[in-house]
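To keep things clear, I will list the structure first and then write my remarks on it.
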Amino acid sequence: MLGLQRRISPFNMLLISINGMVGSAWLFAPLYSARIAGSGAIIAWILGGLATILVALTYVELSSMLPVTGGSTRFSQLSHGLIAGYVISWLTWLSAVTMAPIEVQAVLQYAATYFPSLSHVVGNDIHVLTGIGLCWAVVIMFFMCVINVVSFKGLVGFNQILFSFKILVMMFTIFWLIHTHFFTQNFAVSYSGNGDSWLNWHHILAAIAGGGIAFAFTGFKHGVEMAGETTHSRVAVPVAIVGSVVICLLLYLGLQVAFIGALDPAWLAKGWAYLTFAHDSGPFVGIAGILGLVWLVKFLYIDAAVSPLGAGFVFMTSTARVVYAMSQNGYLPKILTRTNKQALPIGALSLNFIVGIFLFLPFPGWQNMVNFLVSAMVIAYAIGPIALLSLREAIPDLKRPFRLPFAKPIALIAFYFCNLIIYWTGWDTMWKLAIALVIGVVIFLIAYFRGKLNDKIISPRSLIWIAPYLIGLIIISYLGNFGGKGYLTFGWDFLVMFIFSCVILLLAVKTHLPNVDAQLAIYQAESKEPELI
């Protein structure tokens with residue numbers, strides 16, 4: 001059985017990361033964020049992008065230091081042992097494995113514009129796949145899975161084709177909307193339309209979580225999960241992780257500006273909250289159609305399927321690396337590390353394919369799980385700042401090709417931002433996440449009592465921070481004013497979350513594993529590559 005091989009160039013790693021980040025979100029996030037924050041959505045994009053860059057920088061040091069497969073699930077085990085590693089791995093996989101099915105469903109929802117038999121609407125505008133739609137969903141998932149396992153060159157080539165098409169469509173959309181129909185007065189319209197200030201920080205911050213902005217940046221960690229397969233990892237890792245966020249931020253800002261400017265001022269007479277488009281394929285299609293840009297409408301229709309397909313394809317690729325790493329860590333059976341003759345993780349891909357099929361079942365409100373996925377992913381992201389500071393103390397002499405300057409304040413700000421994003425998703429999301437965590441704990445306990453885990457590296461000391469961290473997030477969300485009881489008013493909740501973040505980060509760093517030499521030797525052996533420059 002072959003292991004995974006280092007063969008993804010820095011350029012292709014950047015393309016993969018961007019392709020995985022640009023999915024269905026760009027088609028809707030400019031509308032949803034504008035509804036919540038008006039023209040303040042531009043500030044929300046900037047804040048969301050800059051904060052994501054800070055989080056990404058912590059992973060650049062970790063992944064360039066130890067470029068291993070499934071890094072986000074393995075750094076936590078290296079720094080804090082099996083319990084912390086399992087929790088982060090569970091949340092990472094739980095959110096990532098659902099992304100491909102979500103994007104495939106988006107493809108079919110857009111295709112239903114031409115083929116109504118693929119889906120139908122039930123309840124409060126909830127799109128559910130029909131029997132025919134479910135069959136096509138399985139076919140598309142299987143097609144993406146086949147490309148992932150048959151040929152490495154086919155995987156890279158297919159990614160390049162999808163990337164090129166959807167980036168060109170995004171750039172054409174920005175240019176032609178600004179060139180054809182642009183009203184600068186729209187940027188001064190107040191949120192309510194009653195002359196109040198357009199700058200409302202509560203709405204701006206809510207737009208980051210609820211307007212699709214945080215969701216739009218969720219793909220930045222593809223470079224982390226696939227770092228073990230990159231050549232010249234010292235270059236590929238930072239370029240893929242940070243470069244993808246910067247490039248996508250510029251594209252998203254351009255789209256948001258073009259969207260706001262292209263709106264007819266009469267549509268905003270009642271305020272941003274009443275802005276709506278009846279078109280299922282997104283607001284850009286509606287605007288382009290009104291402006292008579294027929295050719296752009298056709299490209300947007302095609303891209304409405306291509307963008308989600310590209311993102312889902314990359315998530316299937318990187319999520320397989322998460323499962324591969326979880327199996328190497330001992331959380332899952334070793335059979336899931338199996339690779340085929342092409343040195344591609346066929347075992348992990350098979351598991352994700354089977355799970356993905358069950359996620360297509362027409363559960364009511366399934367599409368409303370996007371906020372849940374964001375909160376689960378962001379908790380997994382939070383291990384980056386924690387592992388960075390912990391490993392600086394545990395293994396200070398290990399060579400770091402990229403050493404993050406001002407690591408302590410940047411790590412604190414990044415960790416604080418992650419916690420705020422989780423809080424902004426609201427109580428309705430947090431109680432669902434709490435249930436998912438309980439399920440994860442039950443699975444862990446079953447594995448523990450069956451003797452499937454290595455007792456020597458469980459490190460119960462990590463419970464000193466991880467239990468208060470997860471419970472604290474749930475309590476603060478319940479008491480807060482983003483869907484909670486409202487006892488923590490706007491402003492005070494930020495202070496409480498900052499103090500909470502400082503205490504948890506301090507506890508986490510102080511309870512890192514005192515000796516990581518045994519695991520470190522394994523990780524260093526995996527991270528070696530003859531092409532390092």
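Every chain in the structure tokens takes a letter, A first, then B, and so on in the order presented; its residues are numbered from 1, and the ligands are numbered from 1 following the presented order.
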From a backbone DSSP assignment, name each residue in range 282-460 of chain A labelled helix (DSSP H, G or I), as a count of residues only.
134
Give me the range 109-191 of chain A side of the contact with range 81-101 of chain A, cut-off 10 Å, one line per residue showing its nearest atom pair and distance in Å at one decimal, counting only C-alpha atoms, sorted by chain and residue number, as CSV.
residue,atom,partner,partner_atom,distance
A:Ala137,CA,A:Pro101,CA,8.0
A:Val138,CA,A:Pro101,CA,9.2
A:Ile140,CA,A:Pro101,CA,9.6
A:Met141,CA,A:Pro101,CA,7.6
A:Met144,CA,A:Ala100,CA,9.4
Non-local contacts of Phe11 in chain A (12 Å; only C-alpha atoms; under 3 positions in same chain excluded) as a list in words:
Arg7, Ile8, Leu14, Leu15, Ile16, Ser17, Ile18, Val156, Asn159, Gln160, Gly223, Thr230, Thr231, His232, Ser233, Val235, Ala236, Val237, Pro238, Val239, Ala240, Ile241, Gly243 and Ser244 of chain A
Could you list, as a PDB file with N, CA and C atoms, in the first residue's frame, every residue within 8 Å of range 410-420 of chain A, counting only C-alpha atoms and ignoring same-chain residues fewer than 3 positions away?
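The resulting file, selection.pdb, is shown below:
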ATOM      1  N   ALA A  51      -9.513  39.285   9.729  1.00  0.00           N
ATOM      2  CA  ALA A  51      -9.495  38.358  10.868  1.00  0.00           C
ATOM      3  C   ALA A  51      -9.156  36.940  10.415  1.00  0.00           C
ATOM      4  N   THR A  52      -9.688  36.547   9.254  1.00  0.00           N
ATOM      5  CA  THR A  52      -9.370  35.224   8.726  1.00  0.00           C
ATOM      6  C   THR A  52      -7.886  35.114   8.404  1.00  0.00           C
ATOM      7  N   LEU A  54      -5.471  36.611   9.999  1.00  0.00           N
ATOM      8  CA  LEU A  54      -4.762  36.421  11.269  1.00  0.00           C
ATOM      9  C   LEU A  54      -4.825  34.968  11.718  1.00  0.00           C
ATOM     10  N   VAL A  55      -6.012  34.363  11.601  1.00  0.00           N
ATOM     11  CA  VAL A  55      -6.140  32.939  11.953  1.00  0.00           C
ATOM     12  C   VAL A  55      -5.274  32.100  11.019  1.00  0.00           C
ATOM     13  N   THR A  58      -1.475  31.775  11.809  1.00  0.00           N
ATOM     14  CA  THR A  58      -1.057  30.818  12.838  1.00  0.00           C
ATOM     15  C   THR A  58      -0.857  29.440  12.215  1.00  0.00           C
ATOM     16  N   VAL A 378     -15.279  26.908  12.843  1.00  0.00           N
ATOM     17  CA  VAL A 378     -14.521  27.953  13.517  1.00  0.00           C
ATOM     18  C   VAL A 378     -13.938  27.451  14.836  1.00  0.00           C
ATOM     19  N   ILE A 379     -14.656  26.581  15.556  1.00  0.00           N
ATOM     20  CA  ILE A 379     -14.070  25.983  16.755  1.00  0.00           C
ATOM     21  C   ILE A 379     -12.835  25.175  16.378  1.00  0.00           C
ATOM     22  N   TYR A 381     -10.957  25.836  13.817  1.00  0.00           N
ATOM     23  CA  TYR A 381      -9.934  26.825  13.468  1.00  0.00           C
ATOM     24  C   TYR A 381      -9.218  27.345  14.711  1.00  0.00           C
ATOM     25  N   ALA A 382      -9.946  27.433  15.830  1.00  0.00           N
ATOM     26  CA  ALA A 382      -9.407  28.039  17.047  1.00  0.00           C
ATOM     27  C   ALA A 382      -8.214  27.280  17.598  1.00  0.00           C
ATOM     28  N   PRO A 385      -4.309  29.105  16.833  1.00  0.00           N
ATOM     29  CA  PRO A 385      -3.620  29.980  17.788  1.00  0.00           C
ATOM     30  C   PRO A 385      -3.164  29.236  19.043  1.00  0.00           C
ATOM     31  N   ILE A 386      -3.994  28.295  19.527  1.00  0.00           N
ATOM     32  CA  ILE A 386      -3.639  27.543  20.735  1.00  0.00           C
ATOM     33  C   ILE A 386      -2.422  26.655  20.487  1.00  0.00           C
ATOM     34  N   LEU A 388      -0.180  26.946  18.152  1.00  0.00           N
ATOM     35  CA  LEU A 388       0.991  27.769  17.854  1.00  0.00           C
ATOM     36  C   LEU A 388       1.749  28.133  19.122  1.00  0.00           C
ATOM     37  N   LEU A 389       1.035  28.713  20.099  1.00  0.00           N
ATOM     38  CA  LEU A 389       1.691  29.138  21.339  1.00  0.00           C
ATOM     39  C   LEU A 389       2.138  27.936  22.170  1.00  0.00           C
ATOM     40  N   PHE A 406       5.218  38.791  16.523  1.00  0.00           N
ATOM     41  CA  PHE A 406       4.165  39.210  17.468  1.00  0.00           C
ATOM     42  C   PHE A 406       3.139  38.092  17.658  1.00  0.00           C
ATOM     43  N   ALA A 407       3.658  36.891  17.857  1.00  0.00           N
ATOM     44  CA  ALA A 407       2.797  35.702  17.877  1.00  0.00           C
ATOM     45  C   ALA A 407       1.747  35.764  18.987  1.00  0.00           C
ATOM     46  N   TYR A 423     -20.067  33.006  18.461  1.00  0.00           N
ATOM     47  CA  TYR A 423     -21.118  33.706  19.206  1.00  0.00           C
ATOM     48  C   TYR A 423     -22.111  34.376  18.262  1.00  0.00           C
ATOM     49  N   TRP A 424     -21.607  34.971  17.180  1.00  0.00           N
ATOM     50  CA  TRP A 424     -22.481  35.674  16.237  1.00  0.00           C
ATOM     51  C   TRP A 424     -23.389  34.733  15.456  1.00  0.00           C
ATOM     52  N   LEU A 473     -18.706  28.673  25.801  1.00  0.00           N
ATOM     53  CA  LEU A 473     -19.268  29.193  24.552  1.00  0.00           C
ATOM     54  C   LEU A 473     -20.779  29.027  24.507  1.00  0.00           C
ATOM     55  N   PHE A 494     -19.043  41.675  24.159  1.00  0.00           N
ATOM     56  CA  PHE A 494     -17.688  41.679  23.604  1.00  0.00           C
ATOM     57  C   PHE A 494     -16.641  41.625  24.715  1.00  0.00           C
ATOM     58  N   MET A 497     -16.631  38.134  26.261  1.00  0.00           N
ATOM     59  CA  MET A 497     -15.987  37.168  25.380  1.00  0.00           C
ATOM     60  C   MET A 497     -14.475  37.369  25.350  1.00  0.00           C
ATOM     61  N   PHE A 498     -14.023  38.616  25.465  1.00  0.00           N
ATOM     62  CA  PHE A 498     -12.577  38.873  25.457  1.00  0.00           C
ATOM     63  C   PHE A 498     -11.923  38.305  26.716  1.00  0.00           C
ATOM     64  N   SER A 501     -11.874  34.584  26.415  1.00  0.00           N
ATOM     65  CA  SER A 501     -10.857  34.129  25.465  1.00  0.00           C
ATOM     66  C   SER A 501      -9.468  34.165  26.084  1.00  0.00           C
ATOM     67  N   CYS A 502      -9.173  35.232  26.838  1.00  0.00           N
ATOM     68  CA  CYS A 502      -7.862  35.349  27.490  1.00  0.00           C
ATOM     69  C   CYS A 502      -7.645  34.205  28.483  1.00  0.00           C
ATOM     70  N   LEU A 505      -7.295  30.753  26.584  1.00  0.00           N
ATOM     71  CA  LEU A 505      -6.020  30.664  25.876  1.00  0.00           C
ATOM     72  C   LEU A 505      -4.871  30.432  26.860  1.00  0.00           C
TER      73      LEU A 505
END
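The space separating CA of Phe142 in chain A from CA of Gly312 in chain A comes to 11.9 Å.
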